[in-house]
Every structure is written in structure tokens, then in C-alpha cells.
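Contents: one structure, followed by commentary.
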Amino acid sequence: MSTRHIKGTPPLDPSKRIGIIIPAAGLGKRMKSRGPKPLIKITEDTTILQNQIKNIQEAFDDHSVVLVCGFEADKLMGEAPSDFIKVENELYEDTNVARSIAIALRTMSSLERVLIIYGDLVFNRSALEALNYSTSSIFALGDFIGEEEVGCIINGKGNLEHMMYDLPHKWAQMAYFQGKELNYLKQIVWNRNNNKLFGFEVINKIIEKGGQFACRYAKDIEIVDVDTSKDIQKARKIL
């Protein structure tokens with residue numbers, strides 16, 4: 001397995017608007033606190049969602065954000081900025097993130113670039129700036145993301161080959177799509193037979209169809225997937 005660093009990432013093209021999808025419909029069963037996970041407070045003044053909003057606004061000049069709600073949707077929608085597109089996955093208990101992504105993509109079908117950021121991620125601004133926006137890409141991390149999460153097999157060219165459990169370099173649950181990878185993403189998630197797919201399973205299917213993802217692996221990227229109270233302590237170190 002190679003963990004080649006991808007350097008010289010080109011800046012975002014300001015002429016092309018980027019669509020950002022935040023899937024946040026899940027129950028968050030591993031957290032003992034009640035309510036949507038994006039509304040969990042990392043500090044007294046900052047929730048997960050507020051941290052995401054701050055970094056997105058600082059990183060992208062021309063963007064459109066779709067927040068996909070499910071569990072306690074009204075509460076989450078009420079806390080989101082007015083310029084967010086807010087949609088509801090009413091079948092959140094019986095489907096998975098593939099359906100949430102499908103719903104969001106319907107609202108931005110004309111956009112040529114889409115970034116997916118899971119709703120329970122806490123990250124620093126450099127994470128958004130470090131993605132390779134010249135091609136479809138993902139992050140692989142050795143730290144911060146829990147050991148039980150999905151990992152990445154990376155080839156010698158720095159591209160993702162497959163995702164599965166029990167690998168040392170974890171997918172950071174953030175992915176950028178353009179070109180054929182974005183087209184494949186739409187084909188897969190808009191197929192109702194795929195409603196129960198996890199995000200990594202969708203990406204594996206895209207690769208099987210001939211899609212390609214550059215895999216960014218860098219130590220300065222800080223991303224925490226908040227699943228337990230211990231993760232909140234990790235997240236505070238990022239803010």
C-alpha cells in the first residue's frame with residue numbers, strides 16, 4: 001500500500017460554482033445525547049454545524065449548500081443558515097446515506113462539481129483547502145478517525161483502489177466529485193435499489209465502473225468523526 005502525498009493542489013476555479021452536500025439525517029445512536037448530531041456542542045459557543053459553516057464560508061466564494069435532515073429535521077433546519085437548501089429524508093430510519101445524497105443531488109443537478117461532507121465531521125479549514133479539486137478525490141487519514149471506521153487501499157499512483165474495514169488509513173468521510181465520477185454518483189444513488197448503501201459502498205461502485213479518485217494523505221489535515229463523547233474532546237483540539 002502506498003501513502004504517496006499529492007502536492008501542488010491547484011486552486012479552486014472561481015468560475016465554477018461548487019455544490020456542497022451535508023448528509024445529516026441519521027439517528028446517531030452511539031451518542032448518548034439526544035438531538036441531531038450536527039447540533040452537538042464542541043465548545044459552549046460552537047456546534048459541529050457551526051464549525052462546518054465557518055470553514056465552508058471561508059474556503060469557498062461561490063458555493064451552494066444542501067443540508068439533508070432526518071432525525072428531528074425541524075430542529076436541525078431551524079438552526080441552519082437561511083441560505084442553505086434544506087431537504088428531508090423522511091425514510092432516514094430505513095435507508096442510508098445514499099438516499100440522502102440522492103435527494104440533495106436532485107436540487108443541484110446542473111452543477112459540475114460536488115463536495116460531500118458528512119454532518120458529524122469537525123475539521124480545520126486546511127482540510128477543505130487541501131483536497132485535489134482538479135480531479136475527483138478523497139482524504140485518507142491515519143489519525144483522528146476511529147479505528148473501527150472504513151479504510152482505504154491506495155495504489156502507487158496515489159489513487160484509491162478500494163474501501164473496506166480493518167485498514168490503517170481511514171476514509172475521512174469527505175469526498176469531491178466531478179466529471180464521470182459525478183455522473184456515476186448520480187446513476188448509483190438515483191437507483192432506488194441502492195437506497196441502503198453506505199457512502200464507501202457507493203464510491204466502491206464508482207471505481208468498479210471505471211471512476212478514479214485521487215487520495216489525499218497529509219498530516220496537517222485534521223478531521224474528527226464525532227461518534228462518542230470521547231470524540232468531542234478530540235474535536236476541541238481542532239477549534
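Note on naming: chains are A, B, ... as they come in the C-alpha cells, residues start from 1 per chain, ligands start from 1 in the order shown.
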
Practice prompt. List every residue of stretch 3-237 of chain A that DSSP, applied to the backbone of this structure, places in helix (DSSP H, G or I), and write the result as number ranges by chain.
Written response: A: 37-39, 48-59, 73-79, 97-107, 125-130, 179-189, 192-194, 199-208, 229-236

Fill in: Long-range neighbours of A:Arg106 as a VMD selection string, 9 Å cut-off, only C-alpha atoms, 5 positions minimum in chain
chain A and resid 101 186 190

Would you put the residues from that selection into a file with C-alpha atoms, as a JSON list (two decimals), in the first residue's frame?
[["chain", "number", "residue", "atom", "x", "y", "z"],
["A", 101, "ILE", "CA", -27.19, 12.13, -1.29],
["A", 186, "LYS", "CA", -25.93, 10.24, -9.78],
["A", 190, "TRP", "CA", -30.76, 7.73, -8.04]]

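In terms of minimum interatomic distance to A:Leu39, A:Val122 ranks closest within A:Arg192, A:Val122, A:Lys16, A:Ile116, counting only C-alpha atoms.
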
Can you tell me which residues surround A:Glu112 at a distance of at most 8 Å, considering only C-alpha atoms, apart from same-chain residues fewer than 6 positions away, and format the answer as a PDB file with C-alpha atoms, in the first residue's frame?
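What landed in part11.pdb:
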ATOM      1  CA  LYS A  16     -17.336  27.127 -11.421  1.00  0.00           C
ATOM      2  CA  ARG A  17     -19.815  27.070  -8.553  1.00  0.00           C
ATOM      3  CA  ILE A  18     -19.408  24.134  -6.173  1.00  0.00           C
ATOM      4  CA  GLN A 178     -16.618  15.910 -10.845  1.00  0.00           C
ATOM      5  CA  GLY A 179     -16.762  14.573 -14.411  1.00  0.00           C
ATOM      6  CA  LEU A 182     -20.122  12.690 -10.536  1.00  0.00           C
TER       7      LEU A 182
END

Would you list, as a PDB file with N, CA and C atoms, in the first residue's frame, the residues of stretch 62-195 of chain A that end up in strand (DSSP E) under DSSP run on this structure's backbone?
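Below is the file that was written, states_28.pdb:
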ATOM      1  N   HIS A  63     -20.581  29.058  -3.693  1.00  0.00           N
ATOM      2  CA  HIS A  63     -20.994  27.710  -3.315  1.00  0.00           C
ATOM      3  C   HIS A  63     -22.483  27.674  -2.988  1.00  0.00           C
ATOM      4  N   SER A  64     -23.021  26.464  -3.051  1.00  0.00           N
ATOM      5  CA  SER A  64     -24.412  26.212  -2.678  1.00  0.00           C
ATOM      6  C   SER A  64     -24.416  25.011  -1.760  1.00  0.00           C
ATOM      7  N   VAL A  65     -25.064  25.129  -0.605  1.00  0.00           N
ATOM      8  CA  VAL A  65     -25.050  24.062   0.397  1.00  0.00           C
ATOM      9  C   VAL A  65     -26.437  23.442   0.532  1.00  0.00           C
ATOM     10  N   VAL A  66     -26.487  22.113   0.476  1.00  0.00           N
ATOM     11  CA  VAL A  66     -27.724  21.375   0.721  1.00  0.00           C
ATOM     12  C   VAL A  66     -27.541  20.561   1.993  1.00  0.00           C
ATOM     13  N   LEU A  67     -28.383  20.817   2.980  1.00  0.00           N
ATOM     14  CA  LEU A  67     -28.367  20.081   4.239  1.00  0.00           C
ATOM     15  C   LEU A  67     -29.505  19.066   4.218  1.00  0.00           C
ATOM     16  N   VAL A  68     -29.157  17.784   4.342  1.00  0.00           N
ATOM     17  CA  VAL A  68     -30.168  16.723   4.313  1.00  0.00           C
ATOM     18  C   VAL A  68     -30.475  16.314   5.745  1.00  0.00           C
ATOM     19  N   CYS A  69     -31.696  16.553   6.173  1.00  0.00           N
ATOM     20  CA  CYS A  69     -32.114  16.278   7.543  1.00  0.00           C
ATOM     21  C   CYS A  69     -32.974  15.017   7.602  1.00  0.00           C
ATOM     22  N   ILE A  85     -29.995  25.215   1.363  1.00  0.00           N
ATOM     23  CA  ILE A  85     -31.140  24.452   0.864  1.00  0.00           C
ATOM     24  C   ILE A  85     -31.347  23.310   1.848  1.00  0.00           C
ATOM     25  N   LYS A  86     -32.551  23.208   2.422  1.00  0.00           N
ATOM     26  CA  LYS A  86     -32.813  22.198   3.451  1.00  0.00           C
ATOM     27  C   LYS A  86     -33.842  21.204   2.935  1.00  0.00           C
ATOM     28  N   VAL A  87     -33.458  19.945   2.897  1.00  0.00           N
ATOM     29  CA  VAL A  87     -34.355  18.897   2.418  1.00  0.00           C
ATOM     30  C   VAL A  87     -34.428  17.800   3.466  1.00  0.00           C
ATOM     31  N   GLU A  88     -35.458  16.982   3.374  1.00  0.00           N
ATOM     32  CA  GLU A  88     -35.682  15.956   4.401  1.00  0.00           C
ATOM     33  C   GLU A  88     -35.708  14.566   3.790  1.00  0.00           C
ATOM     34  N   ARG A 113     -19.610  20.295 -10.073  1.00  0.00           N
ATOM     35  CA  ARG A 113     -18.680  19.945  -9.005  1.00  0.00           C
ATOM     36  C   ARG A 113     -19.459  19.804  -7.709  1.00  0.00           C
ATOM     37  N   VAL A 114     -19.232  18.702  -7.008  1.00  0.00           N
ATOM     38  CA  VAL A 114     -19.971  18.441  -5.763  1.00  0.00           C
ATOM     39  C   VAL A 114     -19.006  17.919  -4.698  1.00  0.00           C
ATOM     40  N   LEU A 115     -19.092  18.500  -3.527  1.00  0.00           N
ATOM     41  CA  LEU A 115     -18.312  18.069  -2.366  1.00  0.00           C
ATOM     42  C   LEU A 115     -19.277  17.549  -1.314  1.00  0.00           C
ATOM     43  N   ILE A 116     -19.045  16.334  -0.828  1.00  0.00           N
ATOM     44  CA  ILE A 116     -19.870  15.750   0.223  1.00  0.00           C
ATOM     45  C   ILE A 116     -19.097  15.778   1.535  1.00  0.00           C
ATOM     46  N   ILE A 117     -19.720  16.345   2.561  1.00  0.00           N
ATOM     47  CA  ILE A 117     -19.126  16.442   3.893  1.00  0.00           C
ATOM     48  C   ILE A 117     -20.132  15.864   4.888  1.00  0.00           C
ATOM     49  N   LEU A 121     -18.824  15.660  11.089  1.00  0.00           N
ATOM     50  CA  LEU A 121     -17.389  15.910  10.999  1.00  0.00           C
ATOM     51  C   LEU A 121     -17.013  17.268  11.564  1.00  0.00           C
ATOM     52  N   VAL A 122     -15.955  17.270  12.356  1.00  0.00           N
ATOM     53  CA  VAL A 122     -15.321  18.511  12.793  1.00  0.00           C
ATOM     54  C   VAL A 122     -13.960  18.556  12.115  1.00  0.00           C
ATOM     55  N   PHE A 123     -13.645  19.674  11.467  1.00  0.00           N
ATOM     56  CA  PHE A 123     -12.398  19.758  10.703  1.00  0.00           C
ATOM     57  C   PHE A 123     -11.872  21.177  10.695  1.00  0.00           C
ATOM     58  N   SER A 137     -11.695  13.309  -5.711  1.00  0.00           N
ATOM     59  CA  SER A 137     -10.697  12.965  -4.695  1.00  0.00           C
ATOM     60  C   SER A 137     -11.330  12.738  -3.333  1.00  0.00           C
ATOM     61  N   ILE A 138     -10.560  12.090  -2.459  1.00  0.00           N
ATOM     62  CA  ILE A 138     -10.963  11.839  -1.075  1.00  0.00           C
ATOM     63  C   ILE A 138      -9.770  12.067  -0.160  1.00  0.00           C
ATOM     64  N   PHE A 139     -10.021  12.039   1.145  1.00  0.00           N
ATOM     65  CA  PHE A 139      -8.961  12.050   2.147  1.00  0.00           C
ATOM     66  C   PHE A 139      -8.778  10.660   2.735  1.00  0.00           C
ATOM     67  N   ALA A 140      -7.536  10.313   3.041  1.00  0.00           N
ATOM     68  CA  ALA A 140      -7.235   9.147   3.869  1.00  0.00           C
ATOM     69  C   ALA A 140      -6.389   9.638   5.036  1.00  0.00           C
ATOM     70  N   LEU A 141      -6.761   9.263   6.241  1.00  0.00           N
ATOM     71  CA  LEU A 141      -6.065   9.737   7.434  1.00  0.00           C
ATOM     72  C   LEU A 141      -5.586   8.576   8.293  1.00  0.00           C
ATOM     73  N   GLY A 151     -11.506   1.922   5.908  1.00  0.00           N
ATOM     74  CA  GLY A 151     -10.172   2.296   5.458  1.00  0.00           C
ATOM     75  C   GLY A 151     -10.024   2.277   3.955  1.00  0.00           C
ATOM     76  N   CYS A 152      -8.837   2.697   3.498  1.00  0.00           N
ATOM     77  CA  CYS A 152      -8.588   2.862   2.064  1.00  0.00           C
ATOM     78  C   CYS A 152      -7.393   2.039   1.604  1.00  0.00           C
ATOM     79  N   ILE A 153      -7.528   1.431   0.447  1.00  0.00           N
ATOM     80  CA  ILE A 153      -6.403   0.823  -0.253  1.00  0.00           C
ATOM     81  C   ILE A 153      -5.979   1.818  -1.329  1.00  0.00           C
ATOM     82  N   ILE A 154      -4.717   2.243  -1.276  1.00  0.00           N
ATOM     83  CA  ILE A 154      -4.213   3.281  -2.169  1.00  0.00           C
ATOM     84  C   ILE A 154      -3.100   2.690  -3.036  1.00  0.00           C
ATOM     85  N   LEU A 160      -7.210   5.928  -5.100  1.00  0.00           N
ATOM     86  CA  LEU A 160      -7.967   4.970  -4.303  1.00  0.00           C
ATOM     87  C   LEU A 160      -8.311   3.745  -5.139  1.00  0.00           C
ATOM     88  N   GLU A 161      -8.054   2.558  -4.581  1.00  0.00           N
ATOM     89  CA  GLU A 161      -8.407   1.319  -5.278  1.00  0.00           C
ATOM     90  C   GLU A 161      -9.664   0.674  -4.707  1.00  0.00           C
ATOM     91  N   HIS A 162      -9.831   0.779  -3.395  1.00  0.00           N
ATOM     92  CA  HIS A 162     -10.982   0.123  -2.762  1.00  0.00           C
ATOM     93  C   HIS A 162     -11.094   0.607  -1.327  1.00  0.00           C
ATOM     94  N   MET A 163     -12.304   0.526  -0.794  1.00  0.00           N
ATOM     95  CA  MET A 163     -12.532   0.832   0.614  1.00  0.00           C
ATOM     96  C   MET A 163     -13.091  -0.397   1.317  1.00  0.00           C
ATOM     97  N   MET A 164     -12.610  -0.618   2.529  1.00  0.00           N
ATOM     98  CA  MET A 164     -13.087  -1.727   3.328  1.00  0.00           C
ATOM     99  C   MET A 164     -12.651  -1.486   4.772  1.00  0.00           C
ATOM    100  N   LYS A 170      -7.709   5.602   7.167  1.00  0.00           N
ATOM    101  CA  LYS A 170      -9.166   5.674   7.194  1.00  0.00           C
ATOM    102  C   LYS A 170      -9.703   6.752   6.250  1.00  0.00           C
ATOM    103  N   TRP A 171     -10.859   6.445   5.651  1.00  0.00           N
ATOM    104  CA  TRP A 171     -11.556   7.453   4.866  1.00  0.00           C
ATOM    105  C   TRP A 171     -12.131   8.489   5.820  1.00  0.00           C
ATOM    106  N   ALA A 172     -11.908   9.766   5.517  1.00  0.00           N
ATOM    107  CA  ALA A 172     -12.323  10.845   6.403  1.00  0.00           C
ATOM    108  C   ALA A 172     -13.759  11.305   6.151  1.00  0.00           C
ATOM    109  N   GLN A 173     -14.523  10.553   5.364  1.00  0.00           N
ATOM    110  CA  GLN A 173     -15.949  10.809   5.134  1.00  0.00           C
ATOM    111  C   GLN A 173     -16.199  12.183   4.503  1.00  0.00           C
ATOM    112  N   MET A 174     -15.276  12.537   3.626  1.00  0.00           N
ATOM    113  CA  MET A 174     -15.378  13.739   2.820  1.00  0.00           C
ATOM    114  C   MET A 174     -14.913  13.348   1.414  1.00  0.00           C
ATOM    115  N   ALA A 175     -15.673  13.703   0.386  1.00  0.00           N
ATOM    116  CA  ALA A 175     -15.314  13.288  -0.968  1.00  0.00           C
ATOM    117  C   ALA A 175     -15.749  14.341  -1.980  1.00  0.00           C
ATOM    118  N   TYR A 176     -14.892  14.551  -2.993  1.00  0.00           N
ATOM    119  CA  TYR A 176     -15.162  15.529  -4.050  1.00  0.00           C
ATOM    120  C   TYR A 176     -15.389  14.787  -5.372  1.00  0.00           C
ATOM    121  N   PHE A 177     -16.443  15.197  -6.089  1.00  0.00           N
ATOM    122  CA  PHE A 177     -16.837  14.528  -7.328  1.00  0.00           C
ATOM    123  C   PHE A 177     -16.938  15.532  -8.473  1.00  0.00           C
ATOM    124  N   GLN A 178     -16.417  15.139  -9.622  1.00  0.00           N
ATOM    125  CA  GLN A 178     -16.618  15.910 -10.845  1.00  0.00           C
ATOM    126  C   GLN A 178     -16.552  14.929 -12.025  1.00  0.00           C
TER     127      GLN A 178
END
